[in-house]
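With CSV, C-alpha atoms inside, this is final.csv:
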chain,number,residue,atom,x,y,z
A,1,PRO,CA,-21.3,28.1,-17.2
A,2,SER,CA,-19.5,29.4,-14.1
A,3,ILE,CA,-15.9,28.5,-13.5
A,4,ALA,CA,-17.0,26.8,-10.2
A,5,SER,CA,-19.4,24.5,-12.1
A,6,LEU,CA,-16.7,23.7,-14.7
A,7,LEU,CA,-14.3,22.7,-11.9
A,8,THR,CA,-17.0,20.6,-10.1
A,9,LYS,CA,-17.7,18.8,-13.3
A,10,ALA,CA,-14.0,18.2,-14.0
A,11,GLN,CA,-13.6,16.8,-10.5
A,12,GLU,CA,-16.6,14.4,-11.0
A,13,LEU,CA,-15.0,13.2,-14.3
A,14,ILE,CA,-11.6,12.6,-12.5
A,15,VAL,CA,-13.4,10.5,-9.9
A,16,GLN,CA,-15.0,8.6,-12.8
A,17,CYS,CA,-11.5,8.1,-14.4
A,18,ASP,CA,-12.7,9.9,-17.5
A,19,TYR,CA,-9.5,11.9,-17.8
A,20,PRO,CA,-9.7,13.0,-21.5
A,21,LEU,CA,-13.1,14.7,-20.9
A,22,ALA,CA,-12.0,16.1,-17.6
A,23,ARG,CA,-9.0,17.7,-19.4
A,24,LYS,CA,-11.3,19.5,-21.8
A,25,PHE,CA,-13.3,21.1,-18.9
A,26,ILE,CA,-10.1,22.1,-17.2
A,27,GLU,CA,-8.7,23.6,-20.4
A,28,ARG,CA,-11.9,25.7,-20.6
A,29,VAL,CA,-11.2,27.1,-17.1
A,30,LEU,CA,-7.6,27.9,-17.9
A,31,ALA,CA,-8.6,29.7,-21.0
A,32,ARG,CA,-11.0,32.0,-19.2
A,33,GLU,CA,-9.8,35.4,-17.9
A,34,ASP,CA,-12.6,35.9,-15.3
A,35,GLY,CA,-11.4,33.3,-12.9
A,36,THR,CA,-10.0,34.0,-9.5
A,37,VAL,CA,-6.4,33.1,-8.7
A,38,PRO,CA,-7.5,30.3,-6.4
A,39,GLU,CA,-9.7,28.9,-9.2
A,40,GLN,CA,-6.8,29.1,-11.7
A,41,ASN,CA,-4.5,27.3,-9.3
A,42,GLN,CA,-7.1,24.6,-8.6
A,43,ALA,CA,-7.5,24.1,-12.3
A,44,LYS,CA,-3.7,23.8,-12.7
A,45,GLU,CA,-3.5,21.2,-10.0
A,46,MET,CA,-6.3,19.2,-11.5
A,47,MET,CA,-4.6,19.4,-14.9
A,48,GLY,CA,-1.4,18.0,-13.3
A,49,VAL,CA,-3.4,15.1,-11.9
A,50,VAL,CA,-5.1,14.4,-15.2
A,51,LEU,CA,-1.9,14.5,-17.2
A,52,LEU,CA,-0.3,12.2,-14.7
A,53,GLU,CA,-3.2,9.7,-14.9
A,54,MET,CA,-3.0,9.9,-18.7
A,55,GLY,CA,0.7,9.0,-18.6
A,56,ASP,CA,2.2,12.3,-19.6
A,57,VAL,CA,4.5,12.5,-16.7
A,58,ASP,CA,6.8,15.3,-18.0
A,59,ALA,CA,3.9,17.6,-18.7
A,60,ALA,CA,2.4,16.9,-15.3
A,61,LYS,CA,5.6,17.7,-13.6
A,62,GLU,CA,5.8,21.0,-15.5
A,63,VAL,CA,2.3,21.9,-14.4
A,64,PHE,CA,3.1,21.1,-10.7
A,65,LEU,CA,6.3,23.2,-10.9
A,66,THR,CA,4.2,26.3,-11.8
A,67,LEU,CA,2.5,25.9,-8.4
A,68,VAL,CA,5.6,25.9,-6.2
A,69,LEU,CA,8.5,28.3,-5.6
A,70,PRO,CA,10.5,29.6,-7.2
A,71,HIS,CA,8.0,29.9,-10.1
A,72,PRO,CA,6.9,33.5,-10.3
A,73,SER,CA,3.2,32.6,-10.5
A,74,ALA,CA,3.2,30.2,-7.6
A,75,PRO,CA,0.7,30.9,-4.9
A,76,SER,CA,1.7,31.7,-1.4
A,77,PRO,CA,1.7,29.4,0.3
A,78,PRO,CA,1.9,26.8,-2.4
A,79,PRO,CA,-0.5,23.8,-2.2
A,80,PRO,CA,1.2,21.0,-0.3
A,81,SER,CA,-0.2,18.5,-2.7
A,82,ALA,CA,1.9,19.9,-5.5
A,83,TYR,CA,5.0,19.2,-3.5
A,84,LEU,CA,3.8,15.7,-2.7
A,85,TYR,CA,3.2,15.0,-6.4
A,86,LEU,CA,6.6,16.4,-7.3
A,87,ALA,CA,8.2,14.2,-4.6
A,88,GLN,CA,6.7,11.1,-6.2
A,89,LEU,CA,7.7,12.2,-9.7
A,90,THR,CA,11.4,12.9,-8.7
A,91,ALA,CA,11.9,9.9,-6.4
A,92,ASP,CA,13.6,7.8,-9.0
A,93,SER,CA,15.6,10.4,-10.8
A,94,ASP,CA,16.6,12.7,-7.9
A,95,PRO,CA,15.9,11.3,-4.4
A,96,PHE,CA,17.4,14.4,-2.7
A,97,ALA,CA,15.0,16.6,-4.6
A,98,ALA,CA,12.2,14.3,-3.6
A,99,LEU,CA,13.2,14.6,0.1
A,100,ALA,CA,13.2,18.4,-0.2
A,101,ASN,CA,9.7,18.3,-1.7
A,102,TYR,CA,8.4,16.1,1.1
A,103,GLU,CA,9.9,18.4,3.7
A,104,ALA,CA,8.3,21.5,2.0
A,105,ALA,CA,4.9,19.7,2.0
A,106,ILE,CA,5.2,18.8,5.6
A,107,GLU,CA,6.1,22.3,6.7
A,108,ILE,CA,3.0,23.7,5.0
A,109,LEU,CA,0.8,21.0,6.3
A,110,GLN,CA,2.1,21.5,9.8
A,111,THR,CA,1.3,25.2,9.6
A,112,GLN,CA,-2.2,24.4,8.4
A,113,LEU,CA,-2.7,22.0,11.2
A,114,LYS,CA,-1.6,24.5,13.9
A,115,GLY,CA,-3.8,27.1,12.4
A,116,LYS,CA,-6.8,24.9,12.5
A,117,SER,CA,-6.1,23.8,16.1
A,118,VAL,CA,-6.2,27.4,17.2
A,119,SER,CA,-9.3,28.3,15.3
A,120,ASN,CA,-11.2,25.1,16.4
A,121,GLY,CA,-10.2,25.3,20.0
A,122,ASN,CA,-8.0,22.2,19.7
A,123,THR,CA,-10.9,20.0,18.7
A,124,GLU,CA,-10.4,17.7,15.7
A,125,ASP,CA,-12.5,17.4,12.6
A,126,ASP,CA,-12.3,15.5,9.3
A,127,ASP,CA,-10.1,18.2,7.8
A,128,ASP,CA,-7.6,17.8,10.6
A,129,ASN,CA,-7.5,14.1,10.1
A,130,GLU,CA,-6.9,14.5,6.4
A,131,ILE,CA,-4.0,16.9,7.1
A,132,LYS,CA,-2.6,14.5,9.6
A,133,SER,CA,-2.9,11.6,7.1
A,134,ASN,CA,-1.0,13.6,4.5
A,135,ILE,CA,1.7,14.5,6.9
A,136,VAL,CA,2.2,10.9,7.9
A,137,ARG,CA,2.2,9.8,4.2
A,138,ALA,CA,4.9,12.4,3.5
A,139,TYR,CA,7.1,11.0,6.3
A,140,LEU,CA,6.5,7.5,5.0
A,141,GLY,CA,7.5,8.6,1.5
A,142,MET,CA,10.8,9.9,2.9
A,143,VAL,CA,11.3,6.6,4.7
A,144,GLU,CA,10.8,4.7,1.5
A,145,LEU,CA,13.4,6.9,-0.2
A,146,TRP,CA,16.0,5.9,2.5
A,147,MET,CA,15.1,2.2,2.1
A,148,ASP,CA,14.5,1.9,-1.6
A,149,PRO,CA,17.6,0.1,-3.2
A,150,GLU,CA,16.6,1.3,-6.7
A,151,SER,CA,17.1,5.0,-5.8
A,152,TYR,CA,20.3,4.2,-3.9
A,153,ILE,CA,21.9,2.7,-6.9
A,154,THR,CA,22.2,6.1,-8.6
A,155,CYS,CA,23.1,8.3,-5.6
A,156,THR,CA,24.2,5.8,-2.8
A,157,LEU,CA,21.7,7.2,-0.4
A,158,SER,CA,21.2,3.8,1.2
A,159,PHE,CA,24.9,3.5,2.1
A,160,GLU,CA,24.8,6.6,4.2
A,161,PRO,CA,25.7,5.5,7.8
A,162,THR,CA,22.7,7.3,9.1
A,163,ALA,CA,20.1,5.5,6.9
A,164,SER,CA,18.7,3.2,9.5
A,165,ASP,CA,18.7,6.0,12.2
A,166,MET,CA,17.0,8.4,9.7
A,167,CYS,CA,14.2,5.9,9.1
A,168,ASP,CA,13.6,5.6,12.9
A,169,THR,CA,13.6,9.3,13.3
A,170,LEU,CA,11.1,9.9,10.4
A,171,LEU,CA,8.8,7.1,11.8
A,172,SER,CA,9.0,8.7,15.2
A,173,ARG,CA,7.8,12.0,13.7
A,174,ALA,CA,5.0,10.2,11.9
A,175,PHE,CA,3.8,8.5,15.1
A,176,GLU,CA,3.8,11.8,16.9
A,177,ILE,CA,1.1,12.9,14.4
A,178,ASP,CA,-0.8,9.6,14.5
A,179,PRO,CA,0.3,6.9,16.9
A,180,ASN,CA,-1.9,4.2,15.4
A,181,ASN,CA,-1.7,4.9,11.7
A,182,LEU,CA,-1.8,1.5,10.0
A,183,GLU,CA,0.4,2.6,7.1
A,184,ALA,CA,3.0,3.9,9.4
A,185,LEU,CA,2.9,0.7,11.5
A,186,GLN,CA,3.3,-1.3,8.3
A,187,THR,CA,6.3,0.8,7.2
A,188,LEU,CA,7.8,0.3,10.7
A,189,ALA,CA,7.5,-3.4,10.3
A,190,SER,CA,9.3,-3.2,7.0
A,191,VAL,CA,12.1,-1.2,8.6
A,192,ARG,CA,12.4,-3.6,11.5
A,193,LEU,CA,12.7,-6.5,9.0
A,194,SER,CA,15.4,-4.7,7.2
A,195,GLN,CA,17.1,-4.4,10.6
A,196,GLU,CA,16.6,-8.2,11.1
A,197,ASN,CA,14.3,-7.5,14.1
A,198,HIS,CA,11.4,-9.9,13.3
A,199,GLU,CA,9.9,-9.8,16.7
A,200,GLU,CA,9.3,-6.0,16.7
A,201,ALA,CA,8.2,-6.2,13.0
A,202,LEU,CA,5.4,-8.6,13.9
A,203,LEU,CA,4.4,-6.5,16.9
A,204,ALA,CA,3.9,-3.6,14.6
A,205,LEU,CA,1.9,-5.6,12.2
A,206,ARG,CA,-0.4,-6.8,15.0
A,207,ARG,CA,-1.0,-3.4,16.5
A,208,PHE,CA,-4.3,-1.7,15.6
A,209,PRO,CA,-6.0,1.5,16.7
A,210,PRO,CA,-8.7,0.8,19.3
A,211,PRO,CA,-12.3,0.7,18.2
A,212,SER,CA,-14.2,4.0,18.6
A,213,GLN,CA,-17.3,4.1,20.8
A,214,ASP,CA,-19.6,4.0,17.8
A,215,ALA,CA,-17.6,1.2,16.0
A,216,THR,CA,-19.7,-1.5,14.4
A,217,ALA,CA,-17.2,-4.2,15.6
A,218,THR,CA,-16.0,-4.1,19.2
A,219,ASP,CA,-14.4,-7.6,19.1
A,220,PRO,CA,-10.6,-6.9,18.6
A,221,GLN,CA,-10.2,-9.5,15.9
A,222,ALA,CA,-13.3,-8.4,14.0
A,223,HIS,CA,-12.3,-4.7,14.4
A,224,ALA,CA,-8.8,-5.5,13.0
A,225,LEU,CA,-10.3,-7.4,10.0
A,226,LEU,CA,-12.6,-4.4,9.2
A,227,LEU,CA,-9.6,-2.1,9.2
A,228,LEU,CA,-7.5,-4.4,7.1
A,229,ASN,CA,-10.2,-5.0,4.5
A,230,ALA,CA,-10.6,-1.3,4.1
A,231,LEU,CA,-7.0,-0.9,3.0
A,232,PRO,CA,-6.2,-0.7,-0.8
A,233,ILE,CA,-5.4,-4.2,-2.2
A,234,GLN,CA,-1.8,-3.4,-2.9
A,235,THR,CA,-1.3,-2.3,0.7
A,236,ARG,CA,-2.8,-5.6,1.8
A,237,ILE,CA,-0.5,-7.5,-0.6
A,238,ALA,CA,2.5,-5.7,0.8
A,239,ARG,CA,1.3,-6.4,4.4
A,240,ALA,CA,0.9,-10.1,3.6
A,241,LYS,CA,4.5,-10.3,2.3
A,242,LEU,CA,5.7,-8.8,5.6
A,243,LEU,CA,3.6,-11.3,7.6
A,244,LEU,CA,5.0,-14.2,5.5
A,245,GLU,CA,8.5,-12.9,6.1
A,246,CYS,CA,7.8,-12.9,9.8
A,247,GLY,CA,6.5,-16.5,9.7
A,248,ALA,CA,3.0,-15.4,10.7
A,249,TYR,CA,1.3,-17.6,8.2
A,250,PRO,CA,-2.2,-17.7,9.7
A,251,ASP,CA,-2.2,-13.9,9.8
A,252,ALA,CA,-1.1,-13.7,6.2
A,253,LEU,CA,-3.5,-16.3,4.9
A,254,SER,CA,-6.5,-14.6,6.7
A,255,LEU,CA,-5.5,-11.3,5.1
A,256,LEU,CA,-5.1,-12.9,1.7
A,257,GLU,CA,-8.5,-14.4,1.9
A,258,GLY,CA,-9.9,-10.9,2.0
A,259,VAL,CA,-7.8,-9.9,-1.0
A,260,ILE,CA,-9.1,-12.8,-3.1
A,261,ALA,CA,-12.7,-12.1,-1.9
A,262,THR,CA,-12.2,-8.5,-3.1
A,263,ASP,CA,-10.5,-9.4,-6.4
A,264,ASP,CA,-10.4,-13.0,-7.4
A,265,THR,CA,-8.3,-12.1,-10.5
A,266,ASN,CA,-5.4,-10.8,-8.5
A,267,VAL,CA,-2.3,-12.8,-9.6
A,268,GLU,CA,-0.1,-11.9,-6.7
A,269,GLY,CA,-2.9,-12.6,-4.2
A,270,TRP,CA,-3.3,-16.2,-5.5
A,271,TYR,CA,0.5,-16.6,-5.6
A,272,LEU,CA,1.0,-15.5,-2.0
A,273,MET,CA,-1.9,-17.6,-0.8
A,274,GLY,CA,-0.4,-20.7,-2.3
A,275,LEU,CA,3.1,-19.8,-1.1
A,276,GLY,CA,1.8,-19.2,2.4
A,277,MET,CA,0.0,-22.5,2.5
A,278,VAL,CA,3.1,-24.4,1.3
A,279,ALA,CA,5.3,-22.6,3.9
A,280,PHE,CA,2.7,-23.1,6.7
A,281,GLY,CA,2.6,-26.8,5.9
A,282,GLY,CA,6.3,-27.0,6.5
A,283,THR,CA,6.1,-25.7,10.1
A,284,SER,CA,5.5,-27.8,13.2
A,285,GLN,CA,2.3,-25.8,13.7
A,286,GLY,CA,1.0,-26.6,10.2
A,287,ARG,CA,2.1,-30.2,10.1
A,288,GLY,CA,2.6,-31.1,13.8
A,289,PRO,CA,0.9,-33.4,16.3
A,290,ASN,CA,-2.2,-31.2,16.6
A,291,ARG,CA,-3.0,-31.5,12.9
A,292,GLU,CA,-4.1,-34.8,11.2
A,293,PRO,CA,-2.2,-35.9,8.1
A,294,MET,CA,-5.3,-35.6,6.0
A,295,GLU,CA,-5.8,-32.0,7.1
A,296,TRP,CA,-2.3,-31.2,6.0
A,297,GLN,CA,-3.0,-32.9,2.6
A,298,ASP,CA,-6.2,-30.8,2.2
A,299,MET,CA,-4.2,-27.7,2.9
A,300,ALA,CA,-1.5,-28.7,0.4
A,301,ARG,CA,-4.1,-29.4,-2.2
A,302,ASP,CA,-5.7,-26.0,-1.6
A,303,ALA,CA,-2.2,-24.5,-2.1
A,304,ARG,CA,-1.9,-26.4,-5.4
A,305,ASP,CA,-5.3,-25.0,-6.4
A,306,CYS,CA,-4.2,-21.4,-5.6
A,307,LEU,CA,-1.0,-21.8,-7.6
A,308,ASP,CA,-2.9,-23.3,-10.5
A,309,ASN,CA,-5.3,-20.4,-10.4
A,310,CYS,CA,-2.3,-18.0,-10.3
A,311,GLN,CA,-0.7,-19.7,-13.3
A,312,THR,CA,-3.9,-19.5,-15.3
A,313,LEU,CA,-4.5,-15.9,-14.5
A,314,HIS,CA,-0.9,-15.0,-15.2
A,315,ALA,CA,-1.2,-16.4,-18.7
A,316,SER,CA,-4.7,-14.9,-19.5
A,317,GLN,CA,-3.6,-11.5,-18.3
A,318,GLY,CA,-0.2,-11.5,-19.9
A,319,HIS,CA,1.2,-10.6,-16.5
A,320,PRO,CA,4.7,-9.1,-16.7
A,321,ASP,CA,6.2,-10.7,-13.6
A,322,ALA,CA,8.2,-13.6,-15.1
A,323,PRO,CA,10.1,-14.5,-11.8
A,324,LEU,CA,6.7,-14.9,-10.0
A,325,LEU,CA,5.6,-17.4,-12.6
A,326,GLU,CA,8.9,-19.3,-12.4
A,327,HIS,CA,8.4,-19.6,-8.6
A,328,VAL,CA,4.8,-20.7,-9.0
A,329,GLN,CA,6.0,-23.5,-11.3
A,330,GLU,CA,8.7,-24.4,-8.9
A,331,LEU,CA,6.2,-24.7,-6.0
A,332,ILE,CA,3.8,-26.8,-8.2
A,333,GLY,CA,6.8,-29.1,-8.9
A,334,ILE,CA,7.4,-29.5,-5.2
A,335,LEU,CA,3.8,-30.4,-4.6
A,336,ASP,CA,3.8,-32.8,-7.5
A,337,GLY,CA,6.8,-34.5,-5.9
A,338,LEU,CA,4.7,-34.9,-2.7
A,339,GLY,CA,1.9,-36.5,-4.7
A,340,ILE,CA,-0.4,-33.4,-4.3
A,341,GLN,CA,-2.8,-33.1,-7.2
A,342,PRO,CA,-5.3,-30.3,-8.0
A,343,SER,CA,-8.8,-30.6,-6.5
A,344,PRO,CA,-11.4,-32.3,-8.8
A,345,ALA,CA,-13.5,-29.8,-10.6
A,346,GLU,CA,-16.6,-30.4,-8.6
A,347,GLU,CA,-14.7,-29.6,-5.3
A,348,ASP,CA,-13.4,-26.2,-6.5
A,349,GLU,CA,-16.4,-24.4,-4.8
A,350,GLY,CA,-15.4,-25.7,-1.4
A,351,GLU,CA,-11.8,-24.7,-1.5
A,352,GLU,CA,-12.3,-21.8,0.9
A,353,GLU,CA,-13.0,-24.3,3.7
A,354,GLY,CA,-9.4,-25.4,3.4
A,355,TRP,CA,-8.2,-21.9,3.8
A,356,GLU,CA,-10.1,-21.6,7.1
A,357,ASP,CA,-8.2,-24.7,8.3
A,358,ALA,CA,-4.9,-23.0,7.5
A,359,SER,CA,-5.7,-19.9,9.5
A,360,ASP,CA,-7.8,-21.2,12.4
A,361,ASP,CA,-4.9,-21.8,14.8
A,362,GLY,CA,-3.6,-18.2,15.2
A,363,GLY,CA,-0.1,-17.3,16.2
A,364,ASP,CA,3.2,-17.5,14.4
A,365,GLY,CA,4.7,-20.4,12.4
A,366,ASP,CA,7.9,-21.8,13.8
A,367,GLU,CA,10.5,-24.2,12.5
A,368,ASN,CA,9.9,-22.6,9.1
A,369,GLN,CA,10.5,-24.5,6.0
A,370,ASP,CA,12.8,-22.6,3.6
A,371,VAL,CA,10.5,-21.4,0.9
A,372,ASP,CA,11.9,-18.7,-1.4
A,373,MET,CA,9.8,-15.7,-2.1
A,374,ALA,CA,10.0,-14.4,-5.7
Same coordinates, now as structure tokens:
Amino acid sequence: PSIASLLTKAQELIVQCDYPLARKFIERVLAREDGTVPEQNQAKEMMGVVLLEMGDVDAAKEVFLTLVLPHPSAPSPPPPSAYLYLAQLTADSDPFAALANYEAAIEILQTQLKGKSVSNGNTEDDDDNEIKSNIVRAYLGMVELWMDPESYITCTLSFEPTASDMCDTLLSRAFEIDPNNLEALQTLASVRLSQENHEEALLALRRFPPPSQDATATDPQAHALLLLNALPIQTRIARAKLLLECGAYPDALSLLEGVIATDDTNVEGWYLMGLGMVAFGGTSQGRGPNREPMEWQDMARDARDCLDNCQTLHASQGHPDAPLLEHVQELIGILDGLGIQPSPAEEDEGEEEGWEDASDDGGDGDENQDVDMA
């Protein structure tokens, strides 16, 4: 078979997550002497990805290092993806090296973008959007390095006086590439919360790119929901945490409904749903004059059901997050003290109606009850 067909098959297997078999096809390519240099480099990059997915991090790193300078066999220019992988692999052990890798990737990607703009007459295509997306992700990776307390413990990067300003500068550069990038807006919200600016954090979380002319949903709320539900689950989970921290409980609960609808075995999703309902019930909006006492009890019971589901899934999955379980048990104890018991078994199917009650009102929570997040 041709090398091109072997690479195509290996890529298909990677998409299917069959990494051991993909590795065999890639090894066949690397063993051949009739391949072009681009084909060999593509095979090396794919091998690095496969090794990384199989958990052999050190071997993956060695492969990616062969694709970047100063390795003598590195292509010119090196593939920016190799720098991006190396940045992720060195983030914990050497944040400064990770920053340098991100910068190298951005420089190459910027050059590619300028070249395509000239050749395409300044019109955008899918390749342009992919390059822009990678540039933005690289900037966000750099922001995370400046914010991550784990990496700062070893090299005191976070205690640099310019850390907050550097985050703002990097985000500004990301928004120059894509002003409405959802991941960048979410990272902006995280930075603003670290700066104790809850108002601007919430503004960032509620900002969405306008619908295109051919969009299926033109209503702003429906359009926003489509965009959010297209995000990876872990991104939505992180976003829900930020919304809860901002006190925007209806926004968070609406987002978490989509998470549970996508994966009803997600331990953290059930936990945050229960936590959000308990916290929302402690606000004037959740328990105020516009809400009947029985409605609040229904929401509290739904919160109890969510927390019970979380506790059950935590045990069945052998979930490693012990502090989360401890907080779930603490919240269940609070609800027990208020006389809130789980729904009868026959009512479980209707629990989603209670979630709608919790998120119908829109807007922020105020007079927030102090509910610790694990």
* Please write as an NGL selection string the list of polymer residues whose atoms come within 12 Å of (6.3, 16.7, 1.8), counting all atoms listed in the file and keeping to the coordinates of the file. => :A and (78-88 or 97-110 or 131 or 133-143 or 170)
Just the selected residues (C-alpha atoms), exported as a PDB file, keeping the file's coordinate frame, please.
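Output file part.pdb is given in full below:
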ATOM      1  CA  PRO A  78       1.900  26.800  -2.400  1.00  0.00           C
ATOM      2  CA  PRO A  79      -0.500  23.800  -2.200  1.00  0.00           C
ATOM      3  CA  PRO A  80       1.200  21.000  -0.300  1.00  0.00           C
ATOM      4  CA  SER A  81      -0.200  18.500  -2.700  1.00  0.00           C
ATOM      5  CA  ALA A  82       1.900  19.900  -5.500  1.00  0.00           C
ATOM      6  CA  TYR A  83       5.000  19.200  -3.500  1.00  0.00           C
ATOM      7  CA  LEU A  84       3.800  15.700  -2.700  1.00  0.00           C
ATOM      8  CA  TYR A  85       3.200  15.000  -6.400  1.00  0.00           C
ATOM      9  CA  LEU A  86       6.600  16.400  -7.300  1.00  0.00           C
ATOM     10  CA  ALA A  87       8.200  14.200  -4.600  1.00  0.00           C
ATOM     11  CA  GLN A  88       6.700  11.100  -6.200  1.00  0.00           C
ATOM     12  CA  ALA A  97      15.000  16.600  -4.600  1.00  0.00           C
ATOM     13  CA  ALA A  98      12.200  14.300  -3.600  1.00  0.00           C
ATOM     14  CA  LEU A  99      13.200  14.600   0.100  1.00  0.00           C
ATOM     15  CA  ALA A 100      13.200  18.400  -0.200  1.00  0.00           C
ATOM     16  CA  ASN A 101       9.700  18.300  -1.700  1.00  0.00           C
ATOM     17  CA  TYR A 102       8.400  16.100   1.100  1.00  0.00           C
ATOM     18  CA  GLU A 103       9.900  18.400   3.700  1.00  0.00           C
ATOM     19  CA  ALA A 104       8.300  21.500   2.000  1.00  0.00           C
ATOM     20  CA  ALA A 105       4.900  19.700   2.000  1.00  0.00           C
ATOM     21  CA  ILE A 106       5.200  18.800   5.600  1.00  0.00           C
ATOM     22  CA  GLU A 107       6.100  22.300   6.700  1.00  0.00           C
ATOM     23  CA  ILE A 108       3.000  23.700   5.000  1.00  0.00           C
ATOM     24  CA  LEU A 109       0.800  21.000   6.300  1.00  0.00           C
ATOM     25  CA  GLN A 110       2.100  21.500   9.800  1.00  0.00           C
ATOM     26  CA  ILE A 131      -4.000  16.900   7.100  1.00  0.00           C
ATOM     27  CA  SER A 133      -2.900  11.600   7.100  1.00  0.00           C
ATOM     28  CA  ASN A 134      -1.000  13.600   4.500  1.00  0.00           C
ATOM     29  CA  ILE A 135       1.700  14.500   6.900  1.00  0.00           C
ATOM     30  CA  VAL A 136       2.200  10.900   7.900  1.00  0.00           C
ATOM     31  CA  ARG A 137       2.200   9.800   4.200  1.00  0.00           C
ATOM     32  CA  ALA A 138       4.900  12.400   3.500  1.00  0.00           C
ATOM     33  CA  TYR A 139       7.100  11.000   6.300  1.00  0.00           C
ATOM     34  CA  LEU A 140       6.500   7.500   5.000  1.00  0.00           C
ATOM     35  CA  GLY A 141       7.500   8.600   1.500  1.00  0.00           C
ATOM     36  CA  MET A 142      10.800   9.900   2.900  1.00  0.00           C
ATOM     37  CA  VAL A 143      11.300   6.600   4.700  1.00  0.00           C
ATOM     38  CA  LEU A 170      11.100   9.900  10.400  1.00  0.00           C
TER      39      LEU A 170
END
* Please provide the set of residues having any atom within 7 Å of Leu171 of chain A, restricted to all atoms listed in the file, with same-chain residues fewer than 3 positions apart removed, written as a ChimeraX atom specification. => /A:139,167-168,174-175,188
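Shell of Leu193 of chain A at 12 Å, with only C-alpha atoms counted and residues fewer than 2 places along the chain excluded, is A:Met147, A:Ser164, A:Gln186, A:Thr187, A:Leu188, A:Ala189, A:Ser190, A:Val191, A:Gln195, A:Glu196, A:Asn197, A:His198, A:Glu199, A:Glu200, A:Ala201, A:Leu202, A:Leu203, A:Ala204, A:Leu205, A:Lys241, A:Leu242, A:Leu243, A:Leu244, A:Glu245, A:Cys246, A:Gly247.
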* To do: Using all atoms listed in the file, give me every residue within 12 Å of (-3.6, 16.6, -11.5) in file coordinates, as a ChimeraX atom specification.
  => /A:10-11,14-15,17,19,22-23,26,41-57,59-65,67,81-82,84-86
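Atom pair atom CA of Ala224 of chain A / atom CA of Glu268 of chain A has a distance of 22.5 Å (rounded to one decimal).
We find atom CA of Pro342 of chain A and atom CA of Ala261 of chain A to be spaced 20.6 Å apart.
The space between atom CA of Ala303 of chain A and atom CA of Met273 of chain A spans 7.0 Å.
The shortest atom-to-atom distance to Leu225 of chain A, with all atoms listed in the file taken into account, belongs to A:Leu255 out of A:Val29, A:Tyr249, A:Leu255, A:Pro209.
Residue nearest Leu228 of chain A within the list A:Leu182, A:Leu272, A:Leu113, A:Leu331: A:Leu182 [criterion: smallest interatomic distance, all atoms listed in the file].
Of the residues listed (A:Leu185, A:Ala222, A:Ile260, A:Val267), A:Leu185 shows the shortest atom-to-atom separation from Arg239 of chain A; distances use all atoms listed in the file.
For the set A:Gly274, A:Pro72, A:Gly333, A:Pro220, the residue with the smallest atom-to-atom gap to Phe208 of chain A is A:Pro220, counting all atoms listed in the file.
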* Between A:Ser2, A:Glu295, A:Asn266, A:Thr111, which is the closest to Gln317 of chain A once you count all atoms listed in the file? -> A:Asn266
* For Leu335 of chain A, which residue among A:Ser254, A:Ser73, A:Asn309, A:Gln297 is the nearest when counting only C-alpha atoms? -> A:Gln297
